[in-house]
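Student: Data: start_15.cif, mmCIF, N, CA, C and O atoms.
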data_structure
#
loop_
_atom_site.label_atom_id
_atom_site.label_comp_id
_atom_site.auth_asym_id
_atom_site.auth_seq_id
_atom_site.Cartn_x
_atom_site.Cartn_y
_atom_site.Cartn_z
N MET A 143 0.84 -1.18 0.00
CA MET A 143 0.00 0.00 0.00
C MET A 143 0.89 1.24 0.00
O MET A 143 1.80 1.35 0.80
N LYS A 144 0.61 2.15 -0.94
CA LYS A 144 1.38 3.38 -1.04
C LYS A 144 0.80 4.43 -0.10
O LYS A 144 -0.40 4.51 0.10
N HIS A 145 1.69 5.25 0.45
CA HIS A 145 1.27 6.35 1.31
C HIS A 145 1.49 7.65 0.56
O HIS A 145 2.61 7.98 0.20
N ILE A 146 0.40 8.37 0.34
CA ILE A 146 0.43 9.66 -0.36
C ILE A 146 0.17 10.74 0.67
O ILE A 146 -0.72 10.61 1.51
N MET A 147 0.90 11.84 0.56
CA MET A 147 0.60 13.00 1.39
C MET A 147 0.17 14.14 0.48
O MET A 147 0.86 14.48 -0.46
N ILE A 148 -1.01 14.68 0.77
CA ILE A 148 -1.53 15.84 0.05
C ILE A 148 -1.20 17.04 0.91
O ILE A 148 -1.53 17.07 2.10
N CYS A 149 -0.54 18.04 0.33
CA CYS A 149 -0.18 19.19 1.15
C CYS A 149 -0.31 20.51 0.42
O CYS A 149 -0.36 20.57 -0.80
N CYS A 150 -0.38 21.56 1.23
CA CYS A 150 -0.39 22.94 0.74
C CYS A 150 0.26 23.79 1.82
O CYS A 150 0.72 23.26 2.84
N GLY A 151 0.30 25.08 1.62
CA GLY A 151 0.97 25.96 2.57
C GLY A 151 0.46 25.85 3.99
O GLY A 151 1.21 25.66 4.94
N ALA A 152 -0.86 25.94 4.17
CA ALA A 152 -1.45 25.90 5.50
C ALA A 152 -2.00 24.52 5.87
O ALA A 152 -2.35 24.26 7.02
N GLY A 153 -2.09 23.63 4.89
CA GLY A 153 -2.56 22.27 5.17
C GLY A 153 -4.06 22.14 5.28
O GLY A 153 -4.56 21.13 5.76
N VAL A 154 -4.81 23.16 4.83
CA VAL A 154 -6.26 23.11 4.99
C VAL A 154 -7.01 23.31 3.67
O VAL A 154 -7.56 22.38 3.12
N ALA A 155 -6.99 24.52 3.15
CA ALA A 155 -7.90 24.89 2.06
C ALA A 155 -7.61 24.19 0.74
O ALA A 155 -8.38 23.35 0.29
N THR A 156 -6.51 24.55 0.10
CA THR A 156 -6.28 24.01 -1.24
C THR A 156 -5.96 22.52 -1.22
O THR A 156 -6.31 21.81 -2.15
N SER A 157 -5.34 22.06 -0.15
CA SER A 157 -5.07 20.62 -0.09
C SER A 157 -6.36 19.83 0.07
O SER A 157 -6.46 18.70 -0.42
N THR A 158 -7.37 20.40 0.69
CA THR A 158 -8.66 19.71 0.84
C THR A 158 -9.35 19.60 -0.51
O THR A 158 -9.90 18.55 -0.85
N VAL A 159 -9.30 20.66 -1.31
CA VAL A 159 -9.87 20.63 -2.67
C VAL A 159 -9.16 19.55 -3.49
O VAL A 159 -9.79 18.72 -4.14
N ALA A 160 -7.82 19.57 -3.45
CA ALA A 160 -7.03 18.58 -4.19
C ALA A 160 -7.33 17.16 -3.70
O ALA A 160 -7.48 16.24 -4.50
N LEU A 161 -7.43 17.00 -2.39
CA LEU A 161 -7.72 15.69 -1.80
C LEU A 161 -9.05 15.15 -2.30
O LEU A 161 -9.14 13.98 -2.71
N ASN A 162 -10.08 15.97 -2.29
CA ASN A 162 -11.40 15.52 -2.73
C ASN A 162 -11.40 15.09 -4.19
O ASN A 162 -11.97 14.06 -4.55
N LYS A 163 -10.74 15.88 -5.05
CA LYS A 163 -10.69 15.55 -6.47
C LYS A 163 -9.88 14.27 -6.70
O LYS A 163 -10.24 13.43 -7.52
N LEU A 164 -8.79 14.14 -5.96
CA LEU A 164 -7.95 12.97 -6.11
C LEU A 164 -8.67 11.71 -5.62
O LEU A 164 -8.61 10.66 -6.27
N GLN A 165 -9.37 11.81 -4.51
CA GLN A 165 -10.12 10.65 -4.01
C GLN A 165 -11.20 10.22 -4.99
O GLN A 165 -11.40 9.03 -5.21
N ASP A 166 -11.90 11.19 -5.60
CA ASP A 166 -12.92 10.86 -6.59
C ASP A 166 -12.29 10.10 -7.77
O ASP A 166 -12.83 9.09 -8.23
N TYR A 167 -11.15 10.58 -8.24
CA TYR A 167 -10.45 9.92 -9.35
C TYR A 167 -10.02 8.52 -8.96
O TYR A 167 -10.24 7.56 -9.72
N LEU A 168 -9.39 8.38 -7.80
CA LEU A 168 -8.89 7.07 -7.36
C LEU A 168 -10.03 6.08 -7.18
O LEU A 168 -9.88 4.90 -7.47
N LYS A 169 -11.17 6.57 -6.72
CA LYS A 169 -12.34 5.69 -6.56
C LYS A 169 -12.81 5.19 -7.93
O LYS A 169 -13.07 4.00 -8.10
N LYS A 170 -12.89 6.09 -8.91
CA LYS A 170 -13.30 5.70 -10.27
C LYS A 170 -12.34 4.70 -10.89
O LYS A 170 -12.75 3.82 -11.65
N GLU A 171 -11.06 4.85 -10.59
CA GLU A 171 -10.03 3.98 -11.16
C GLU A 171 -9.82 2.71 -10.34
O GLU A 171 -8.93 1.92 -10.64
N ASP A 172 -10.59 2.55 -9.28
CA ASP A 172 -10.47 1.40 -8.36
C ASP A 172 -9.06 1.31 -7.76
O ASP A 172 -8.47 0.24 -7.66
N LEU A 173 -8.52 2.47 -7.38
CA LEU A 173 -7.18 2.53 -6.79
C LEU A 173 -7.20 3.00 -5.34
O LEU A 173 -6.17 3.00 -4.68
N LEU A 174 -8.36 3.42 -4.86
CA LEU A 174 -8.44 3.98 -3.51
C LEU A 174 -8.01 2.98 -2.44
O LEU A 174 -7.43 3.34 -1.43
N ASN A 175 -8.24 1.68 -2.72
CA ASN A 175 -7.86 0.64 -1.76
C ASN A 175 -6.36 0.32 -1.78
O ASN A 175 -5.88 -0.47 -0.99
N LYS A 176 -5.63 0.96 -2.70
CA LYS A 176 -4.18 0.70 -2.80
C LYS A 176 -3.36 1.79 -2.13
O LYS A 176 -2.14 1.75 -2.17
N VAL A 177 -4.04 2.79 -1.54
CA VAL A 177 -3.32 3.92 -0.97
C VAL A 177 -3.80 4.27 0.43
O VAL A 177 -4.93 3.97 0.80
N ARG A 178 -2.90 4.92 1.14
CA ARG A 178 -3.24 5.56 2.41
C ARG A 178 -2.92 7.03 2.17
O ARG A 178 -1.83 7.37 1.72
N ILE A 179 -3.89 7.89 2.45
CA ILE A 179 -3.70 9.31 2.17
C ILE A 179 -3.70 10.10 3.47
O ILE A 179 -4.58 9.93 4.30
N SER A 180 -2.69 10.95 3.61
CA SER A 180 -2.68 11.88 4.73
C SER A 180 -2.63 13.29 4.16
O SER A 180 -2.32 13.50 3.00
N GLN A 181 -2.94 14.26 5.00
CA GLN A 181 -3.02 15.64 4.57
C GLN A 181 -2.26 16.51 5.56
O GLN A 181 -2.29 16.25 6.76
N GLY A 182 -1.58 17.55 5.06
CA GLY A 182 -0.87 18.44 5.96
C GLY A 182 -0.22 19.59 5.24
O GLY A 182 -0.55 19.90 4.09
N THR A 183 0.72 20.22 5.93
CA THR A 183 1.42 21.38 5.37
C THR A 183 2.68 20.94 4.64
O THR A 183 3.19 19.85 4.85
N VAL A 184 3.20 21.85 3.83
CA VAL A 184 4.46 21.60 3.14
C VAL A 184 5.57 21.41 4.18
O VAL A 184 6.41 20.53 4.05
N ALA A 185 5.54 22.23 5.23
CA ALA A 185 6.56 22.12 6.29
C ALA A 185 6.52 20.73 6.93
O ALA A 185 7.56 20.13 7.21
N GLU A 186 5.32 20.21 7.16
CA GLU A 186 5.19 18.87 7.74
C GLU A 186 5.68 17.81 6.77
O GLU A 186 6.34 16.84 7.16
N ALA A 187 5.39 18.00 5.48
CA ALA A 187 5.82 17.03 4.47
C ALA A 187 7.34 16.86 4.49
O ALA A 187 7.85 15.77 4.28
N LYS A 188 8.04 17.96 4.75
CA LYS A 188 9.50 17.91 4.77
C LYS A 188 10.05 17.09 5.93
O LYS A 188 11.19 16.65 5.90
N THR A 189 9.24 16.87 6.97
CA THR A 189 9.70 16.12 8.14
C THR A 189 9.29 14.65 8.09
O THR A 189 9.72 13.87 8.93
N ARG A 190 8.46 14.28 7.13
CA ARG A 190 7.93 12.92 7.07
C ARG A 190 8.90 12.00 6.32
O ARG A 190 9.45 12.37 5.31
N ASP A 191 9.05 10.80 6.83
CA ASP A 191 9.87 9.81 6.13
C ASP A 191 9.07 8.55 5.82
O ASP A 191 9.61 7.53 5.45
N ASP A 192 7.74 8.66 5.96
CA ASP A 192 6.88 7.49 5.76
C ASP A 192 5.96 7.63 4.55
O ASP A 192 5.00 6.89 4.42
N VAL A 193 6.25 8.59 3.66
CA VAL A 193 5.40 8.76 2.49
C VAL A 193 6.13 8.30 1.23
O VAL A 193 7.34 8.44 1.12
N ASP A 194 5.36 7.73 0.31
CA ASP A 194 5.93 7.27 -0.96
C ASP A 194 6.03 8.41 -1.96
O ASP A 194 6.96 8.45 -2.76
N PHE A 195 5.04 9.31 -1.94
CA PHE A 195 5.11 10.50 -2.77
C PHE A 195 4.17 11.57 -2.24
O PHE A 195 3.29 11.30 -1.43
N ILE A 196 4.41 12.80 -2.71
CA ILE A 196 3.67 13.98 -2.26
C ILE A 196 2.86 14.52 -3.42
O ILE A 196 3.33 14.54 -4.56
N VAL A 197 1.65 14.98 -3.13
CA VAL A 197 0.84 15.72 -4.08
C VAL A 197 0.63 17.08 -3.43
O VAL A 197 -0.01 17.16 -2.38
N SER A 198 1.22 18.12 -4.02
CA SER A 198 1.23 19.42 -3.35
C SER A 198 0.73 20.56 -4.24
O SER A 198 1.10 20.64 -5.41
N THR A 199 -0.06 21.45 -3.64
CA THR A 199 -0.51 22.64 -4.37
C THR A 199 0.50 23.77 -4.24
O THR A 199 0.38 24.79 -4.90
N SER A 200 1.49 23.59 -3.37
CA SER A 200 2.56 24.58 -3.18
C SER A 200 3.88 23.97 -3.62
O SER A 200 4.08 22.76 -3.49
N PRO A 201 4.82 24.80 -4.07
CA PRO A 201 6.13 24.26 -4.48
C PRO A 201 6.86 23.62 -3.30
O PRO A 201 6.88 24.17 -2.20
N VAL A 202 7.40 22.45 -3.53
CA VAL A 202 8.18 21.75 -2.50
C VAL A 202 9.17 20.84 -3.19
O VAL A 202 8.87 20.24 -4.22
N SER A 203 10.36 20.75 -2.63
CA SER A 203 11.39 19.88 -3.18
C SER A 203 11.79 18.88 -2.10
O SER A 203 12.24 19.27 -1.03
N LEU A 204 11.60 17.62 -2.39
CA LEU A 204 11.89 16.56 -1.42
C LEU A 204 12.59 15.40 -2.11
O LEU A 204 12.71 15.37 -3.33
N SER A 205 13.00 14.43 -1.30
CA SER A 205 13.69 13.26 -1.85
C SER A 205 12.71 12.26 -2.47
O SER A 205 13.12 11.38 -3.20
N VAL A 206 11.43 12.39 -2.16
CA VAL A 206 10.41 11.52 -2.77
C VAL A 206 9.77 12.28 -3.94
O VAL A 206 9.85 13.50 -4.00
N PRO A 207 9.14 11.56 -4.86
CA PRO A 207 8.50 12.25 -5.98
C PRO A 207 7.42 13.23 -5.50
O PRO A 207 6.71 12.96 -4.52
N VAL A 208 7.32 14.36 -6.18
CA VAL A 208 6.31 15.37 -5.86
C VAL A 208 5.50 15.65 -7.12
O VAL A 208 6.06 15.94 -8.17
N VAL A 209 4.17 15.53 -7.00
CA VAL A 209 3.27 15.83 -8.10
C VAL A 209 2.67 17.21 -7.83
O VAL A 209 2.14 17.45 -6.74
N ASN A 210 2.78 18.10 -8.81
CA ASN A 210 2.21 19.43 -8.69
C ASN A 210 0.70 19.34 -8.82
O ASN A 210 0.17 18.98 -9.87
N ALA A 211 -0.01 19.68 -7.73
CA ALA A 211 -1.46 19.56 -7.71
C ALA A 211 -2.19 20.84 -8.11
O ALA A 211 -3.42 20.88 -8.09
N LEU A 212 -1.46 21.87 -8.49
CA LEU A 212 -2.09 23.13 -8.88
C LEU A 212 -3.15 22.96 -9.97
O LEU A 212 -4.21 23.59 -9.91
N PRO A 213 -2.92 22.07 -10.96
CA PRO A 213 -3.96 21.87 -11.98
C PRO A 213 -5.29 21.39 -11.41
O PRO A 213 -6.34 21.63 -12.01
N LEU A 214 -5.28 20.75 -10.25
CA LEU A 214 -6.55 20.33 -9.64
C LEU A 214 -7.36 21.54 -9.19
O LEU A 214 -8.58 21.44 -9.03
N LEU A 215 -6.70 22.67 -8.99
CA LEU A 215 -7.39 23.90 -8.59
C LEU A 215 -7.79 24.73 -9.80
O LEU A 215 -8.85 25.34 -9.81
N THR A 216 -6.94 24.74 -10.82
CA THR A 216 -7.20 25.57 -12.00
C THR A 216 -8.05 24.86 -13.05
O THR A 216 -8.69 25.51 -13.86
N GLY A 217 -8.03 23.53 -13.03
CA GLY A 217 -8.77 22.76 -14.03
C GLY A 217 -7.99 22.54 -15.31
O GLY A 217 -8.45 21.86 -16.22
N ILE A 218 -6.79 23.11 -15.41
CA ILE A 218 -5.97 22.97 -16.61
C ILE A 218 -4.83 22.00 -16.33
O ILE A 218 -4.00 22.25 -15.46
N GLY A 219 -4.81 20.88 -17.04
CA GLY A 219 -3.77 19.89 -16.84
C GLY A 219 -4.10 18.82 -15.81
O GLY A 219 -3.22 18.12 -15.33
N VAL A 220 -5.37 18.69 -15.49
CA VAL A 220 -5.81 17.72 -14.48
C VAL A 220 -5.44 16.29 -14.87
O VAL A 220 -4.99 15.51 -14.03
N ASP A 221 -5.63 15.96 -16.15
CA ASP A 221 -5.33 14.59 -16.60
C ASP A 221 -3.88 14.20 -16.35
O ASP A 221 -3.59 13.06 -16.00
N LYS A 222 -2.98 15.16 -16.51
CA LYS A 222 -1.56 14.88 -16.27
C LYS A 222 -1.30 14.57 -14.79
O LYS A 222 -0.53 13.68 -14.46
N VAL A 223 -1.97 15.31 -13.92
CA VAL A 223 -1.83 15.05 -12.48
C VAL A 223 -2.33 13.65 -12.18
O VAL A 223 -1.65 12.86 -11.51
N PHE A 224 -3.52 13.32 -12.66
CA PHE A 224 -4.10 12.01 -12.40
C PHE A 224 -3.23 10.88 -12.95
O PHE A 224 -3.02 9.87 -12.28
N SER A 225 -2.72 11.04 -14.17
CA SER A 225 -1.89 9.98 -14.75
C SER A 225 -0.58 9.83 -13.97
O SER A 225 -0.10 8.71 -13.79
N SER A 226 -0.01 10.93 -13.50
CA SER A 226 1.22 10.85 -12.69
C SER A 226 0.97 10.11 -11.39
O SER A 226 1.77 9.27 -10.97
N VAL A 227 -0.13 10.44 -10.74
CA VAL A 227 -0.48 9.78 -9.47
C VAL A 227 -0.71 8.29 -9.71
O VAL A 227 -0.21 7.44 -8.96
N LYS A 228 -1.47 7.96 -10.74
CA LYS A 228 -1.74 6.55 -11.05
C LYS A 228 -0.45 5.79 -11.32
O LYS A 228 -0.26 4.68 -10.81
N GLU A 229 0.44 6.39 -12.08
CA GLU A 229 1.73 5.76 -12.39
C GLU A 229 2.53 5.51 -11.11
O GLU A 229 3.12 4.44 -10.93
N LEU A 230 2.55 6.48 -10.20
CA LEU A 230 3.30 6.32 -8.95
C LEU A 230 2.68 5.26 -8.04
O LEU A 230 3.37 4.53 -7.36
N ILE A 231 1.35 5.17 -8.06
CA ILE A 231 0.67 4.15 -7.25
C ILE A 231 1.00 2.75 -7.78
O ILE A 231 1.26 1.83 -7.02
N LEU A 232 0.96 2.60 -9.10
CA LEU A 232 1.16 1.28 -9.70
C LEU A 232 2.62 0.88 -9.86
O LEU A 232 2.93 -0.28 -10.14
N ALA A 233 3.53 1.82 -9.68
CA ALA A 233 4.97 1.53 -9.81
C ALA A 233 5.39 0.48 -8.80
O ALA A 233 5.06 0.54 -7.62
N GLY A 234 6.10 -0.51 -9.29
CA GLY A 234 6.63 -1.55 -8.40
C GLY A 234 5.64 -2.65 -8.06
O GLY A 234 5.93 -3.51 -7.24
N GLU A 235 4.46 -2.64 -8.67
CA GLU A 235 3.50 -3.71 -8.37
C GLU A 235 3.81 -4.95 -9.17
O GLU A 235 4.30 -4.93 -10.23
#
Would you encode the structure as structure tokens?

Tutor:
Amino acid sequence: MKHIMICCGAGVATSTVALNKLQDYLKKEDLLNKVRISQGTVAEAKTRDDVDFIVSTSPVSLSVPVVNALPLLTGIGVDKVFSSVKELILAGE
């Protein structure tokens, strides 16, 4: 099971929007049962060592893969976000 962290600057508003859209997508793709999702701030993401990848609405550079979730807010490029997340979930299976 992959652990995804959804984050934004404050860990509340934009990450919640991204989380809801991502959960809807994962449910449609029958992938929701393959992941554990947590939510928080970018600062918290930098301290975590138990996540497989990050989905963030704010810029962050970490040692794990980071998917830019800004398209989930703007509506432009959403498919690329979803395909990146799906690829990361299925990697190594």

Student: Let me know the residues the PyMOL selection byres ((chain A and resi 153) around 8) catches in the file above, as a PyMOL selection string.

Tutor: chain A and resi 148-152+154-158+181-185

Student: So that I can see what lies close to A:Ile231, please list as a list in words the residues with an atom at most 7 Å from it, counting only N, CA, C and O atoms and leaving out residues fewer than 5 positions away in the same chain.

Tutor: Lys144, Lys176, Ser225 and Ser226 of chain A

Student: What does the distance from atom CA of A:Lys170 to atom CA of A:Asp192 come to in Å, to one decimal?

Tutor: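 Computing it gives 25.8 Å between the two atoms.
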
Student: Please evaluate the PyMOL selection byres (((chain A and resi 178 and name CA) around 7) and name CA) against the structure above and give the resulting residues as a ChimeraX atom specification.

Tutor: /A:143-146,177,179-180

Student: Could you spell out the hits of the PyMOL selection byres ((chain A and resi 198-214) around 6) on the shown file, as a ChimeraX atom specification?

Tutor: /A:147-151,159-160,193-197,215-220,223

Student: Any idea what the distance is between atom C of A:Tyr167 and atom O of A:Glu235?

Tutor: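 Pair atom C of A:Tyr167 / atom O of A:Glu235 returns 19.7 Å.
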
Student: With DSSP run on the backbone, what are the strand (DSSP E) residues within stretch 144-194 of chain A? I'd like them as a PyMOL selection string.

Tutor: chain A and resi 144-150+177-183

Student: May I have all residues of chain A that DSSP, computed from the backbone, assigns to helix (DSSP H, G or I), given as a count of residues only?

Tutor: 41

Student: Kindly give the distance, in Å, that separates atom C of A:Leu174 and atom CA of A:Lys188, rounded to a single decimal.

Tutor: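 Taking atom C of A:Leu174 as the start and atom CA of A:Lys188 as the end point, the length is 24.1 Å.
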
Student: I'd like the box whose edges run along x, y and z of the file and which contains every listed atom of stretch 158-161 of chain A, padded by 3 Å per side; could you state its centre and edge lengths in Å, one decimal, as JSON?

Tutor:
{"center_x": -8.5, "center_y": 17.3, "center_z": -1.8, "size_x": 8.9, "size_y": 12.7, "size_z": 11.3}
